[in-house]
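**Q** Okay, handing you the structure first.
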Amino acid sequence: MKCMIHGLSIFVVLMASWSFGTNAEEMLDRTVLPIPEPKRPVYTELDARNVKMPSHFQVKAPAGAPNVVIILIDDLGFGATSTFGGPVATPTLDSLAQNGLRYTNFHTTALCSPTRAALKAGRNHHTVNMGFITEMATGFPGNTGQIPNATAPVAEMLRLNGYSTAAFGKWHETAVWEASVSGPYDRWPTRQGFDKFYGFIGGETNQYAPYLYDGVAQVELPADPNYHFMTDMTDKAVAWIEYQKALTPDKPFFVYFAPGATHAPHHVPKEWIAKWKGKFDQGWDRLREETLARQIEMGIVPAGTKLAPKPQAIKDWDKLSDDEKRLFTRQIEVFAAYLDYTDHEIGRVLEAIEATGEADNTLVFYIAGDNGTSGEGGENGMFNEYTYFNGVHEQVPDLLKVIDKWGSPETYPHMAAGWSVALDAPFGWMKQVASDFGGTRTGMVVHWPKGIKAKNGIRSQFGHVIDIAPTILEAAGLPEPRMVDGTPQIPMEGVSLAYTFDDGNAKERHTTQYFEIAGNRAIYYDGWFARTVHRAPWEPKPRNPLENDVWELYDVRSDFSLASDVAAQNPGKLAELQTLFMKEAEKHHVLPVDDRGVERGIAAMVGRPDLMGGRTSLTVAEGMTGMMENVFINVKNKSKTITAEVDIPEGSASGTIIAQGGRFGGWSLYLKDGVPAYDYNFLGMQRSSVTATKQLPPGKATVRFDFAYDGGGMGKGGTGTLFVNDEQVAQGRIEHTQAVIFSADETADVGIDLGTPVVESIGSEAKSRFTGHIPKVTIEVRDTNAKADAAVGKAQQEVVHRTE
């Protein structure tokens with residue numbers, strides 16, 4: 001009898017798959033995705049006119065399922081937006097909050113890639129192998145940087161349940177050795193659940209000259225002097241929404257809208273900057289006090305909340321020099337303009353949805369920060385943030401010389417760390433510090449007129465980015481799948497927030513949550529928070545060995561900002577939470593904790609796959625462009641030879657033969673008016689050129705550049721020699737080279753220089769295209785000697801720790 005009932009249930013499910021357009025579709029088993037197609041019938045009738053045609057098989061979303069939009073701002077702290085008491089007006093976010101819900105106890109992982117992967121998967125960041133940023137992945141489970149098939153993202157679940165899906169903006173979830181034409185593309189957006197992707201793959205991009213993909217195809221930038229990626233990605237999102245609703249008005253969509261803003265570089269059109277002049281002259285200490293006062297008045301934080309102590313490394317504003325104050329206020333004016341501009345563009349996306357008539361049934365999550373505001377700008381901020389990547393400290397007098405250019409295409413700027421504490425108010429720390437709410441807590445607004453009755457409400461239940469995916473599934477009436485694309489799934493670890501939508505006093509359901517980034521670790525449990533600050537973003541080494549870290553304890557039921565450590569009064573509770581952290585860490589693949597810094601950037605030292613691992617030469621040819629730094633042979637801190645075979649047409653040739661990097665650091669071998677030359681651009685601060693004196697004649701030629709590295713550590717200089725057909729034609733010194741990185745998104749290109757130019761007189765994009773032919777270019781690298789290698793290894797330990 002049981003067998004008959006079981007067989008009947010299978011039959012009913014199968015028939016439901018054949019009966020779309022009726023109530024039977026609700027009987028589909030959506031826990032296995034994709035939903036299997038029905039068995040194809042076999043006919044014996046010859047004439048099709050005599051046979052009833054079967055229904056068309058099509059998976060549709062449940063009736064009434066909402067459109068879903070996730071807006072994720074980059075590097076924006078809890079105390080930045082006007083919606084959460086901050087100094088920067090965000091009218092789009094304000095409007096959503098007035099008709100929706102503010103979440104004041106919502107958390108991220110404290111870092112970019114981990115937050116994004118956890119958000120989409122509904123699982124903790126180590127569960128999805130994203131314990132740190134992709135560029136610093138290791139061979140340990142939980143940190144490999146490869147999202148497992150067993151943790152399918154919510155985008156794929158929605159797509160396989162009848163949604164149209166699209167992602168715009170920043171990705172930063174693809175393993176770095178997979179970010180090339182060779183793939184695999186499994187962890188690119190279009191294989192992670194999105195029908196459409198338009199944006200950049202890495203952690204940041206030049207907003208004026210981004211390296212973009214449409215799907216997996218490189219995008220050629222328009223020759224528009226007013227181009228800015230924020231507006232471009234908004235235009236593309238608006239067009240996609242209008243197109244999708246025009247063609248399939250009854251099909252819901254899922255849009256993931258993730259600007260590069262407000263991550264460095266802080267690029268914003270100058271007309272947006274002017275309105276913020278003079279708004280921050282009071283400085284970061286007074287700004288924190290003003291923000292807290294507003295937060296208390298608005299009910300964002302409880303009355304009696306105190307400002308948490310700021311890090312000792314952050315100077316008091318009133319002790320700064322006039323020059324420092326003038327520089328630092330300009331930096332925050334540009335940042336505020338960047339946020340202002342970004343919120344405006346987000347408003348255009350929401351206006352497009354309104355114009356389709358779909359706003360009432362669109363569930364919007366506006367998450368104002370994938371982590372806290374970044375303190376990675378260091379003590380003074382930076383005109384070119386790659387100076388800090390490479391261990392070069394920019395000085396205030398030098399920065400003042402370019403203050404009027406801040407935020408323009410000539411800059412790649414970041415702001416002083418003091419502003420990160422101010423914009424993370426009332427908390428004490430910032431991005432990367434997973435053991436402080438300044439690193440993890442960000443403001444979130446949820447808006448869904450059809451599904452949420454409450455308006456202008458505040459929700460204080462604990463929430464985390466892993467709660468978003470379960471919330472979406474519940475709102476859409478979809479079950480969590482147990483199987484996706486043939487792989488059994490690890491259950492989601494988040495808790496749906498839907499229980500808070502219409503009950504602000506609902507009992508908290510997410511009661512336990514660990515945090516860990518690079519040794520900064522903490523545990524939340526039922527109103528208590530235990531933590532240890534293992535290392536600040538600007539500190540080159542951990543404060544203590546992991547086993548000797550000092551732990552603190554906070555009762556967050558009465559201490560919103562983590563201002564009062566009560567560990568001494570509650571040693572038993574602290575021990576209980578420390579034990580719980582280890583239990584959760586073991587369960588979610590946090591262990592072993594990896595607090596290494598620069599070593600994690602070197603693939604061979606941490607077991608990360610490397611396309612160029614062990615290779616000493618690479619041969620490329622014309623048309624090979626867009627090679628990110630992690631998939632191109634490493635020419636830093638060693639000698640190299642570049643040999644290019646070129647074919648010069650009648651009348652000479654010009655343009656880039658091969659280049660890597662751009663305006664803010666890189667190198668290029670090129671011809672200008674037929675004359676060969678090699679330029680090294682050291683961080684945009686010092687340019688060295690080795691240039692011949694004669695044009696190449698028409699016909700075939702071999703241009704070779706040899707760089708003899710001085711050795712003795714990282715970032716040293718060397719002697720460059722240029723040859724044409726084995727004859728020396730020029731020689732010169734290059735005093736400094738970049739030790740760690742050229743760029744996060746500028747690429748290596750043959751026959752053109754994409755993005756910004758290494759050599760301004762040659763230009764970039766179409767202007768730099770080589771007018772001859774390049775059959776082959778070979779790059780060979782060689783170490784100097786064992787003594788120099790040892791010096792490099794020692795220097796690697798001294799490079800300032802920095803992540804994106």
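Identifiers in the structure tokens: chain A, B, ... in order shown; residue index from 1 per chain; ligand index from 1 in order shown.
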Applying 9 Å and only C-alpha atoms, which residues near Pro775 (chain A) remain after dropping the ones on its own chain fewer than 3 positions away? List them as a list in words.

**A**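 Once the adjacent positions are removed, what remains is Val620, Ala621, Glu622, Ala644, Glu645, Val646 and Asp647 of chain A.
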
**Q** Those same residues, written as a compact mmCIF listing (two decimals), in the first residue's frame with N, CA and C atoms?

**A**
```txt
# COMPACT_ATOMS: atom_id res chain seq x y z
N VAL A 620 53.14 35.87 -26.34
CA VAL A 620 51.82 36.39 -26.68
C VAL A 620 51.88 37.00 -28.08
N ALA A 621 50.73 37.43 -28.56
CA ALA A 621 50.69 37.99 -29.92
C ALA A 621 49.61 39.06 -30.00
N GLU A 622 49.63 39.77 -31.09
CA GLU A 622 48.67 40.84 -31.34
C GLU A 622 47.25 40.34 -31.14
N ALA A 644 60.12 41.45 -29.15
CA ALA A 644 58.93 41.64 -29.98
C ALA A 644 59.31 41.56 -31.45
N GLU A 645 58.60 40.72 -32.17
CA GLU A 645 58.72 40.67 -33.63
C GLU A 645 57.65 41.58 -34.21
N VAL A 646 58.08 42.57 -34.99
CA VAL A 646 57.13 43.53 -35.54
C VAL A 646 57.30 43.64 -37.05
N ASP A 647 56.24 44.05 -37.70
CA ASP A 647 56.25 44.26 -39.15
C ASP A 647 55.81 45.69 -39.39
```

**Q** What's the 7 Å shell around Tyr366 (chain A), counting only C-alpha atoms, without same-chain residues fewer than 6 positions away, as a tab-separated table (two decimals) with C-alpha atoms, in the first residue's frame?

**A**
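In the end it all went to part.tsv:
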```
chain	number	residue	atom	x	y	z
A	70	ILE	CA	19.56	44.03	-4.03
A	71	ILE	CA	21.52	47.28	-3.93
A	72	LEU	CA	24.93	46.87	-2.33
A	444	MET	CA	19.95	48.37	5.55
A	445	VAL	CA	16.51	49.43	4.32
A	446	VAL	CA	13.90	46.95	3.09
```

**Q** Report as a ChimeraX atom specification all protein, DNA and RNA residues lying within 9 Å of region 694-711 of chain A, evaluated on only C-alpha atoms, omitting residues in the same chain fewer than 6 positions from it.

**A** /A:637-653,669,671-678,717-726,729,734,783-785,787-789,791-792

**Q** Running DSSP on the backbone, which parts of region 512-685 of chain A land in alpha helix (DSSP H), as a CSV table (one decimal) with all heavy atoms, in the first residue's frame?

**A**
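Dumped to part_16.csv:
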```csv
chain,number,residue,atom,x,y,z
A,571,PRO,N,34.0,36.8,33.6
A,571,PRO,CA,34.9,35.8,33.0
A,571,PRO,C,34.3,34.5,32.6
A,571,PRO,O,34.7,33.9,31.6
A,571,PRO,CB,35.9,35.6,34.2
A,571,PRO,CG,35.2,35.9,35.4
A,571,PRO,CD,34.3,37.0,35.1
A,572,GLY,N,33.3,34.1,33.3
A,572,GLY,CA,32.6,32.8,32.9
A,572,GLY,C,31.9,33.0,31.6
A,572,GLY,O,31.9,32.1,30.7
A,573,LYS,N,31.2,34.1,31.4
A,573,LYS,CA,30.5,34.3,30.1
A,573,LYS,C,31.5,34.5,29.0
A,573,LYS,O,31.3,34.0,27.8
A,573,LYS,CB,29.6,35.6,30.2
A,573,LYS,CG,28.9,36.0,29.0
A,573,LYS,CD,28.0,34.9,28.5
A,573,LYS,CE,26.7,34.8,29.3
A,573,LYS,NZ,25.7,33.9,28.7
A,574,LEU,N,32.6,35.2,29.2
A,574,LEU,CA,33.6,35.3,28.2
A,574,LEU,C,34.2,33.9,27.8
A,574,LEU,O,34.3,33.6,26.6
A,574,LEU,CB,34.8,36.2,28.6
A,574,LEU,CG,36.0,36.3,27.6
A,574,LEU,CD1,35.5,36.9,26.3
A,574,LEU,CD2,37.1,37.1,28.3
A,575,ALA,N,34.5,33.1,28.7
A,575,ALA,CA,35.0,31.7,28.4
A,575,ALA,C,33.9,30.9,27.6
A,575,ALA,O,34.3,30.2,26.7
A,575,ALA,CB,35.3,31.0,29.7
A,576,GLU,N,32.7,31.1,28.0
A,576,GLU,CA,31.6,30.4,27.3
A,576,GLU,C,31.5,30.8,25.8
A,576,GLU,O,31.4,29.9,24.9
A,576,GLU,CB,30.3,30.7,28.0
A,576,GLU,CG,29.0,30.2,27.3
A,576,GLU,CD,27.7,30.7,27.8
A,576,GLU,OE1,27.7,31.3,28.9
A,576,GLU,OE2,26.7,30.6,27.1
A,577,LEU,N,31.7,32.1,25.6
A,577,LEU,CA,31.6,32.5,24.2
A,577,LEU,C,32.9,32.2,23.4
A,577,LEU,O,32.8,31.9,22.2
A,577,LEU,CB,31.4,34.1,24.1
A,577,LEU,CG,29.9,34.5,24.0
A,577,LEU,CD1,29.1,34.0,25.2
A,577,LEU,CD2,29.7,36.0,23.7
A,578,GLN,N,34.0,32.2,24.1
A,578,GLN,CA,35.2,31.7,23.4
A,578,GLN,C,35.1,30.3,23.0
A,578,GLN,O,35.5,29.9,21.9
A,578,GLN,CB,36.5,31.9,24.3
A,578,GLN,CG,36.9,33.4,24.5
A,578,GLN,CD,38.0,33.5,25.5
A,578,GLN,OE1,37.9,33.1,26.6
A,578,GLN,NE2,39.1,34.1,25.1
A,579,THR,N,34.6,29.5,23.8
A,579,THR,CA,34.3,28.0,23.5
A,579,THR,C,33.4,27.9,22.3
A,579,THR,O,33.5,27.1,21.4
A,579,THR,CB,33.8,27.3,24.7
A,579,THR,OG1,34.8,27.3,25.7
A,579,THR,CG2,33.5,25.8,24.4
A,580,LEU,N,32.3,28.8,22.3
A,580,LEU,CA,31.3,28.7,21.3
A,580,LEU,C,32.0,29.2,20.0
A,580,LEU,O,31.6,28.6,18.9
A,580,LEU,CB,30.1,29.7,21.6
A,580,LEU,CG,29.0,29.7,20.6
A,580,LEU,CD1,28.4,28.4,20.3
A,580,LEU,CD2,27.9,30.7,21.1
A,581,PHE,N,32.8,30.2,20.0
A,581,PHE,CA,33.5,30.6,18.8
A,581,PHE,C,34.3,29.4,18.1
A,581,PHE,O,34.2,29.2,16.9
A,581,PHE,CB,34.5,31.7,19.0
A,581,PHE,CG,35.3,32.1,17.8
A,581,PHE,CD1,34.8,32.9,16.8
A,581,PHE,CD2,36.5,31.5,17.6
A,581,PHE,CE1,35.5,33.2,15.7
A,581,PHE,CE2,37.3,31.8,16.4
A,581,PHE,CZ,36.7,32.6,15.5
A,582,MET,N,35.0,28.7,18.9
A,582,MET,CA,35.8,27.6,18.4
A,582,MET,C,34.9,26.5,17.8
A,582,MET,O,35.2,25.9,16.8
A,582,MET,CB,36.7,27.0,19.5
A,582,MET,CG,37.8,27.9,19.9
A,582,MET,SD,38.9,28.3,18.5
A,582,MET,CE,39.7,26.7,18.2
A,583,LYS,N,33.7,26.3,18.5
A,583,LYS,CA,32.8,25.3,18.0
A,583,LYS,C,32.2,25.7,16.6
A,583,LYS,O,32.2,24.9,15.6
A,583,LYS,CB,31.6,25.1,18.9
A,583,LYS,CG,30.6,24.2,18.5
A,583,LYS,CD,29.4,24.1,19.6
A,583,LYS,CE,28.3,23.1,19.1
A,583,LYS,NZ,27.2,23.1,20.1
A,584,GLU,N,31.9,27.0,16.5
A,584,GLU,CA,31.3,27.5,15.2
A,584,GLU,C,32.4,27.6,14.2
A,584,GLU,O,32.2,27.3,13.0
A,584,GLU,CB,30.8,28.9,15.4
A,584,GLU,CG,29.5,29.0,16.3
A,584,GLU,CD,28.3,28.3,15.6
A,584,GLU,OE1,27.9,28.8,14.5
A,584,GLU,OE2,27.8,27.3,16.1
A,585,ALA,N,33.7,27.9,14.6
A,585,ALA,CA,34.8,28.0,13.6
A,585,ALA,C,35.1,26.6,13.1
A,585,ALA,O,35.4,26.5,11.9
A,585,ALA,CB,36.0,28.6,14.4
A,586,GLU,N,35.0,25.6,13.9
A,586,GLU,CA,35.2,24.2,13.4
A,586,GLU,C,34.1,23.8,12.4
A,586,GLU,O,34.4,23.3,11.3
A,586,GLU,CB,35.3,23.3,14.5
A,586,GLU,CG,35.5,21.8,14.1
A,586,GLU,CD,35.6,20.9,15.3
A,586,GLU,OE1,35.6,21.3,16.4
A,586,GLU,OE2,35.6,19.6,15.0
A,587,LYS,N,32.9,24.2,12.8
A,587,LYS,CA,31.7,23.8,12.0
A,587,LYS,C,31.7,24.4,10.6
A,587,LYS,O,31.4,23.8,9.6
A,587,LYS,CB,30.5,24.2,12.8
A,587,LYS,CG,29.2,23.9,12.0
A,587,LYS,CD,28.0,24.4,12.9
A,587,LYS,CE,26.7,24.3,12.2
A,587,LYS,NZ,25.5,24.8,13.0
A,603,ALA,N,51.0,33.4,-4.5
A,603,ALA,CA,50.3,32.1,-4.6
A,603,ALA,C,51.1,30.9,-4.2
A,603,ALA,O,50.6,30.0,-3.5
A,603,ALA,CB,49.9,32.0,-6.1
A,604,ALA,N,52.4,30.9,-4.5
A,604,ALA,CA,53.2,29.7,-4.2
A,604,ALA,C,53.4,29.5,-2.7
A,604,ALA,O,53.6,28.4,-2.2
A,604,ALA,CB,54.6,29.8,-4.9
A,605,MET,N,53.3,30.5,-1.9
A,605,MET,CA,53.5,30.4,-0.5
A,605,MET,C,52.2,29.9,0.3
A,605,MET,O,52.3,29.5,1.4
A,605,MET,CB,53.9,31.8,0.1
A,605,MET,CG,55.2,32.3,-0.4
A,605,MET,SD,55.7,33.9,0.4
A,605,MET,CE,56.1,33.3,2.0
A,606,VAL,N,51.1,30.0,-0.4
A,606,VAL,CA,49.8,29.6,0.3
A,606,VAL,C,49.0,28.6,-0.4
A,606,VAL,O,47.9,28.3,-0.1
A,606,VAL,CB,49.0,30.9,0.6
A,606,VAL,CG1,49.7,31.8,1.5
A,606,VAL,CG2,48.6,31.6,-0.7
```

**Q** Report, in Å with one decimal, the straight-line distance from CA of Gln218 (chain A) to CA of Ser654 (chain A).

**A**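 So the two atoms, CA of Gln218 (chain A) and CA of Ser654 (chain A), lie 24.0 Å apart.
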
**Q** Counting only C-alpha atoms, which of A:Glu324, A:Ser496, A:Pro184, A:Leu562 gets nearest to Pro309 (chain A)?

**A**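 Of the candidates, the smallest distance to Pro309 (chain A) is held by A:Leu562.
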
**Q** Rank nothing, just name the residue among A:Gly381, A:Gly407, A:Pro491, A:Pro189 nearest to Thr127 (chain A), using only C-alpha atoms.

**A**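 When distances to Thr127 (chain A) are compared using only C-alpha atoms, the smallest one comes from A:Pro491.
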
**Q** Determine, counting only C-alpha atoms, which protein, DNA and RNA residues have an atom within 9 Å of an atom of Glu333 (chain A); residues of the same chain fewer than 4 positions away are not included. Present the result as an mmCIF file with N, CA and C atoms, in the first residue's frame.

**A**
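Full text of part34.cif as output:
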```cif
data_model
loop_
_atom_site.group_PDB
_atom_site.id
_atom_site.type_symbol
_atom_site.label_atom_id
_atom_site.label_comp_id
_atom_site.auth_asym_id
_atom_site.auth_seq_id
_atom_site.Cartn_x
_atom_site.Cartn_y
_atom_site.Cartn_z
ATOM 1 N N ILE A 273 31.137 67.668 -6.516
ATOM 2 C CA ILE A 273 32.024 67.948 -5.386
ATOM 3 C C ILE A 273 31.760 69.325 -4.786
ATOM 4 N N ALA A 274 31.459 70.279 -5.645
ATOM 5 C CA ALA A 274 31.355 71.677 -5.203
ATOM 6 C C ALA A 274 30.332 71.856 -4.086
ATOM 7 N N LYS A 275 29.229 71.141 -4.120
ATOM 8 C CA LYS A 275 28.150 71.341 -3.148
ATOM 9 C C LYS A 275 28.543 70.926 -1.730
ATOM 10 N N TRP A 276 29.651 70.169 -1.601
ATOM 11 C CA TRP A 276 30.054 69.683 -0.277
ATOM 12 C C TRP A 276 31.178 70.507 0.344
ATOM 13 N N LYS A 277 31.585 71.537 -0.344
ATOM 14 C CA LYS A 277 32.668 72.373 0.180
ATOM 15 C C LYS A 277 32.257 73.010 1.514
ATOM 16 N N GLY A 278 33.133 72.863 2.503
ATOM 17 C CA GLY A 278 32.908 73.481 3.801
ATOM 18 C C GLY A 278 32.009 72.694 4.745
ATOM 19 N N LYS A 279 31.482 71.567 4.301
ATOM 20 C CA LYS A 279 30.532 70.813 5.135
ATOM 21 C C LYS A 279 31.217 69.948 6.205
ATOM 22 N N PHE A 280 32.534 69.819 6.120
ATOM 23 C CA PHE A 280 33.235 68.944 7.067
ATOM 24 C C PHE A 280 34.394 69.647 7.772
ATOM 25 N N PHE A 328 42.630 66.999 4.410
ATOM 26 C CA PHE A 328 41.705 65.951 4.816
ATOM 27 C C PHE A 328 40.245 66.349 4.577
ATOM 28 N N THR A 329 39.922 67.643 4.737
ATOM 29 C CA THR A 329 38.542 68.054 4.460
ATOM 30 C C THR A 329 38.228 67.942 2.971
ATOM 31 N N ALA A 337 30.607 63.558 -1.967
ATOM 32 C CA ALA A 337 30.059 63.764 -3.310
ATOM 33 C C ALA A 337 29.872 62.435 -4.035
ATOM 34 N N TYR A 338 30.818 61.537 -3.838
ATOM 35 C CA TYR A 338 30.750 60.213 -4.459
ATOM 36 C C TYR A 338 29.511 59.462 -3.984
#
```

**Q** Listing only residues of region 207-255 of chain A within 12 Å of region 471-478 of chain A, what is the closest atom pair and its distance in Å (to one decimal) for each, using only C-alpha atoms, sorted by chain and residue number ascending, as a Markdown table?

**A**
```
| residue | atom | partner | partner_atom | distance |
| --- | --- | --- | --- | --- |
| A:Pro252 | CA | A:Ala476 | CA | 9.8 |
| A:Phe253 | CA | A:Ala476 | CA | 11.2 |
| A:Phe254 | CA | A:Ile472 | CA | 10.0 |
```

**Q** Report as a list in words all protein, DNA and RNA residues lying within 8 Å of region 590-592 of chain A, evaluated on only C-alpha atoms, omitting residues in the same chain fewer than 2 positions from it.

**A**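 The contact residues come out as His126, Gly131, Phe140, Gly142, Glu516, Ala585, Glu586, Lys587, His588 and Asp594 of chain A.
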
**Q** Kindly give the distance, in Å, that separates CA of Pro38 (chain A) and CA of Ser164 (chain A), rounded to a single decimal.

**A**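 Result for CA of Pro38 (chain A) versus CA of Ser164 (chain A): 22.3 Å, one decimal.
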